[in-house]
file my_file13.txt (compact mmCIF, N, CA and C atoms and all ligand atoms)
# COMPACT_ATOMS: atom_id res chain seq x y z
N MET A 11 148.12 -7.51 40.48
CA MET A 11 148.30 -8.93 40.13
C MET A 11 149.31 -9.56 41.10
N PHE A 12 148.90 -10.71 41.62
CA PHE A 12 149.76 -11.39 42.58
C PHE A 12 150.65 -12.39 41.85
N VAL A 13 151.94 -12.28 42.06
CA VAL A 13 152.88 -13.22 41.44
C VAL A 13 153.61 -13.97 42.54
N PRO A 14 153.42 -15.27 42.62
CA PRO A 14 154.07 -16.04 43.69
C PRO A 14 155.57 -16.17 43.44
N ASP A 15 156.26 -16.57 44.48
CA ASP A 15 157.68 -16.86 44.31
C ASP A 15 157.86 -17.91 43.24
N LYS A 16 158.90 -17.77 42.49
CA LYS A 16 159.11 -18.67 41.36
C LYS A 16 159.87 -19.94 41.72
N THR A 17 160.38 -19.98 42.92
CA THR A 17 161.16 -21.14 43.29
C THR A 17 160.81 -21.60 44.71
N CYS A 18 161.09 -22.86 44.99
CA CYS A 18 160.92 -23.37 46.34
C CYS A 18 161.87 -22.63 47.29
N PRO A 19 161.36 -22.18 48.44
CA PRO A 19 162.23 -21.45 49.37
C PRO A 19 163.27 -22.34 50.04
N LYS A 20 163.08 -23.64 49.93
CA LYS A 20 164.00 -24.56 50.60
C LYS A 20 165.12 -25.04 49.67
N CYS A 21 164.71 -25.51 48.49
CA CYS A 21 165.71 -26.07 47.59
C CYS A 21 165.85 -25.27 46.30
N THR A 22 165.08 -24.22 46.19
CA THR A 22 165.10 -23.31 45.04
C THR A 22 164.67 -23.96 43.74
N SER A 23 164.01 -25.12 43.83
CA SER A 23 163.50 -25.72 42.61
C SER A 23 162.28 -24.95 42.12
N PRO A 24 162.19 -24.75 40.83
CA PRO A 24 160.99 -24.09 40.31
C PRO A 24 159.83 -25.06 40.09
N GLN A 25 160.05 -26.33 40.41
CA GLN A 25 159.04 -27.34 40.11
C GLN A 25 158.09 -27.53 41.29
N TYR A 26 157.42 -26.47 41.67
CA TYR A 26 156.46 -26.60 42.75
C TYR A 26 155.05 -26.70 42.18
N LYS A 27 154.15 -27.18 43.03
CA LYS A 27 152.77 -27.34 42.61
C LYS A 27 151.87 -26.41 43.41
N PHE A 28 150.88 -25.93 42.76
CA PHE A 28 149.86 -25.15 43.43
C PHE A 28 148.95 -26.10 44.18
N ARG A 29 148.77 -25.86 45.48
CA ARG A 29 147.97 -26.77 46.30
C ARG A 29 146.61 -26.23 46.68
N GLY A 30 146.50 -24.95 46.75
CA GLY A 30 145.21 -24.42 47.14
C GLY A 30 145.28 -22.95 47.48
N ARG A 31 144.13 -22.37 47.56
CA ARG A 31 144.07 -20.96 47.90
C ARG A 31 142.83 -20.74 48.74
N LYS A 32 142.98 -19.95 49.77
CA LYS A 32 141.81 -19.68 50.59
C LYS A 32 141.88 -18.28 51.17
N PRO A 33 140.73 -17.69 51.39
CA PRO A 33 140.71 -16.39 52.03
C PRO A 33 140.98 -16.56 53.52
N VAL A 34 141.68 -15.64 54.10
CA VAL A 34 142.00 -15.69 55.52
C VAL A 34 141.35 -14.49 56.21
N ASP A 35 140.60 -14.79 57.22
CA ASP A 35 139.94 -13.72 57.96
C ASP A 35 140.96 -12.96 58.80
N ALA A 36 140.60 -11.79 59.13
CA ALA A 36 141.44 -10.99 60.02
C ALA A 36 141.52 -11.68 61.37
N ASN A 37 142.68 -11.62 61.97
CA ASN A 37 142.87 -12.19 63.30
C ASN A 37 143.34 -11.08 64.23
N GLU A 38 142.42 -10.60 65.02
CA GLU A 38 142.75 -9.45 65.87
C GLU A 38 143.79 -9.80 66.92
N LYS A 39 143.76 -11.03 67.40
CA LYS A 39 144.72 -11.43 68.43
C LYS A 39 146.15 -11.37 67.89
N LYS A 40 146.28 -11.72 66.62
CA LYS A 40 147.62 -11.72 66.02
C LYS A 40 147.90 -10.43 65.25
N GLY A 41 146.91 -9.58 65.22
CA GLY A 41 147.10 -8.32 64.51
C GLY A 41 147.15 -8.48 63.01
N LEU A 42 146.48 -9.52 62.54
CA LEU A 42 146.52 -9.79 61.10
C LEU A 42 145.34 -9.16 60.39
N HIS A 43 145.61 -8.71 59.25
CA HIS A 43 144.56 -8.21 58.39
C HIS A 43 144.08 -9.36 57.50
N PRO A 44 142.89 -9.25 57.00
CA PRO A 44 142.43 -10.31 56.10
C PRO A 44 143.31 -10.39 54.86
N GLY A 45 143.42 -11.60 54.34
CA GLY A 45 144.27 -11.78 53.18
C GLY A 45 143.91 -13.04 52.43
N ILE A 46 144.75 -13.36 51.49
CA ILE A 46 144.57 -14.57 50.71
C ILE A 46 145.80 -15.45 50.92
N GLU A 47 145.55 -16.68 51.33
CA GLU A 47 146.65 -17.59 51.58
C GLU A 47 146.71 -18.62 50.46
N THR A 48 147.86 -18.73 49.87
CA THR A 48 148.04 -19.69 48.79
C THR A 48 149.10 -20.70 49.21
N LYS A 49 148.79 -21.97 49.01
CA LYS A 49 149.69 -23.02 49.47
C LYS A 49 150.36 -23.70 48.28
N TYR A 50 151.64 -23.94 48.42
CA TYR A 50 152.41 -24.60 47.37
C TYR A 50 153.16 -25.77 47.97
N GLN A 51 153.46 -26.73 47.13
CA GLN A 51 154.34 -27.82 47.57
C GLN A 51 155.37 -28.08 46.49
N CYS A 52 156.58 -28.21 46.94
CA CYS A 52 157.69 -28.46 46.02
C CYS A 52 157.67 -29.92 45.57
N GLY A 53 157.92 -30.15 44.29
CA GLY A 53 157.95 -31.51 43.77
C GLY A 53 159.19 -32.27 44.22
N PRO A 54 160.39 -31.75 43.95
CA PRO A 54 161.62 -32.50 44.27
C PRO A 54 161.82 -32.76 45.76
N CYS A 55 161.58 -31.77 46.63
CA CYS A 55 161.92 -31.97 48.04
C CYS A 55 160.70 -32.13 48.94
N GLY A 56 159.52 -31.86 48.41
CA GLY A 56 158.31 -32.07 49.19
C GLY A 56 158.01 -30.96 50.18
N HIS A 57 158.85 -29.97 50.22
CA HIS A 57 158.62 -28.86 51.14
C HIS A 57 157.34 -28.12 50.75
N SER A 58 156.51 -27.83 51.73
CA SER A 58 155.31 -27.06 51.44
C SER A 58 155.39 -25.72 52.14
N TRP A 59 154.81 -24.75 51.55
CA TRP A 59 154.83 -23.42 52.15
C TRP A 59 153.62 -22.64 51.71
N LYS A 60 153.39 -21.58 52.45
CA LYS A 60 152.23 -20.75 52.18
C LYS A 60 152.68 -19.33 51.85
N VAL A 61 151.95 -18.75 50.98
CA VAL A 61 152.21 -17.36 50.64
C VAL A 61 150.96 -16.56 50.98
N TRP A 62 151.16 -15.56 51.79
CA TRP A 62 150.01 -14.75 52.21
C TRP A 62 150.13 -13.37 51.61
N VAL A 63 149.05 -12.93 51.06
CA VAL A 63 149.03 -11.56 50.55
C VAL A 63 147.87 -10.82 51.19
N PRO A 64 148.09 -9.57 51.51
CA PRO A 64 147.04 -8.80 52.12
C PRO A 64 145.86 -8.71 51.19
N GLY A 65 144.77 -8.94 51.69
CA GLY A 65 143.79 -9.18 50.75
C GLY A 65 142.73 -8.25 50.65
N GLU A 66 142.57 -7.74 49.86
CA GLU A 66 141.51 -7.00 49.33
C GLU A 66 141.05 -7.78 48.16
N LEU A 67 140.06 -8.58 48.41
CA LEU A 67 139.44 -9.27 47.28
C LEU A 67 138.86 -8.22 46.35
N PRO A 68 138.98 -8.45 45.08
CA PRO A 68 138.44 -7.47 44.15
C PRO A 68 136.97 -7.21 44.41
N THR A 69 136.64 -5.99 44.57
CA THR A 69 135.24 -5.66 44.83
C THR A 69 134.55 -5.27 43.53
N MET A 70 133.37 -5.75 43.43
CA MET A 70 132.60 -5.45 42.23
C MET A 70 132.03 -4.04 42.34
N PRO A 71 132.11 -3.30 41.28
CA PRO A 71 131.49 -1.98 41.32
C PRO A 71 129.98 -2.12 41.44
N PRO A 72 129.35 -1.19 42.05
CA PRO A 72 127.90 -1.28 42.19
C PRO A 72 127.22 -1.30 40.84
N ALA A 73 126.18 -2.06 40.78
CA ALA A 73 125.47 -2.15 39.51
C ALA A 73 124.95 -0.78 39.10
N VAL A 74 125.04 -0.55 37.85
CA VAL A 74 124.55 0.73 37.33
C VAL A 74 123.03 0.65 37.21
N SER A 75 122.40 1.52 37.90
CA SER A 75 120.94 1.48 37.87
C SER A 75 120.44 1.79 36.47
N GLY A 76 119.46 1.04 36.07
CA GLY A 76 118.90 1.27 34.75
C GLY A 76 119.54 0.41 33.67
N ALA A 77 120.70 -0.19 33.99
CA ALA A 77 121.34 -1.05 33.00
C ALA A 77 120.58 -2.36 32.88
N PRO A 78 120.51 -2.90 31.69
CA PRO A 78 119.84 -4.19 31.53
C PRO A 78 120.59 -5.30 32.25
N VAL A 79 119.88 -6.20 32.87
CA VAL A 79 120.51 -7.31 33.58
C VAL A 79 120.69 -8.46 32.60
N VAL A 80 121.94 -8.87 32.44
CA VAL A 80 122.24 -9.93 31.49
C VAL A 80 122.36 -11.25 32.23
N GLY A 81 121.82 -12.27 31.65
CA GLY A 81 121.92 -13.60 32.23
C GLY A 81 120.80 -13.86 33.23
N GLU A 82 120.95 -14.95 33.96
CA GLU A 82 119.96 -15.36 34.97
C GLU A 82 118.66 -15.73 34.29
ZN ZN A 101 161.99 -27.79 47.28

call {"tool": "encode", "arguments": {"input": "my_file13.txt", "output": "C-alpha cells"}}
result
Amino acid sequence: MFVPDKTCPKCTSPQYKFRGRKPVDANEKKGLHPGIETKYQCGPCGHSWKVWVPGELPTMPPAVSGAPVVGE
C-alpha cells in the first residue's frame, strides 16, 4: 500500500490536494524504472510536487481455467 507524504514538503501544511496519478514508463536514458507518479498541490502555499513510486502495477492472476466467467 502506497502512503503519500502527509504534509507539504515546502510549508509542511497537511492541506494538500490530490491532483492526479499516472503511470510512468521506464526511461532508459535516465536509468528509471517504470513507476507511478502522483501529483499533489498544497492549498495554503500553492506548491506542487510529485511523488514517484516504483511501480509494479498489481498484476492480475491468470484466470483459472474451467472457472465460470462472471459478467460481460
Ligand atoms: Zn505548502

call {"tool": "residues_near_ligand", "arguments": {"input": "my_file13.txt", "ligand": "ligand ZN 101 (chain A)", "cutoff": "12 Å", "atoms": "only C-alpha atoms and all ligand atoms", "output": "list in words"}}
result
Lys16, Thr17, Cys18, Pro19, Lys20, Cys21, Thr22, Ser23, Pro24, Gln25, Tyr26, Lys27, Tyr50, Gln51, Cys52, Gly53, Pro54, Cys55, Gly56, His57, Ser58 and Trp59 of chain A

call {"tool": "atom_distance", "arguments": {"input": "my_file13.txt", "atom1": "atom C of Gly65 of chain A", "atom2": "atom C of Arg31 of chain A"}}
result
12.6 Å

call {"tool": "residues_around", "arguments": {"input": "my_file13.txt", "residues": "Lys49 of chain A", "least_positions_apart": "3", "cutoff": "5 Å", "atoms": "all atoms listed in the file", "output": "list in words"}}
result
Phe28, Arg29, Gly30, Arg31, Trp59, Lys60 and Val61 of chain A

call {"tool": "atom_distance", "arguments": {"input": "my_file13.txt", "atom1": "atom N of Pro44 of chain A", "atom2": "atom N of Trp62 of chain A"}}
result
11.6 Å

call {"tool": "atom_distance", "arguments": {"input": "my_file13.txt", "atom1": "atom C of Pro64 of chain A", "atom2": "atom C of Leu42 of chain A"}}
result
9.2 Å
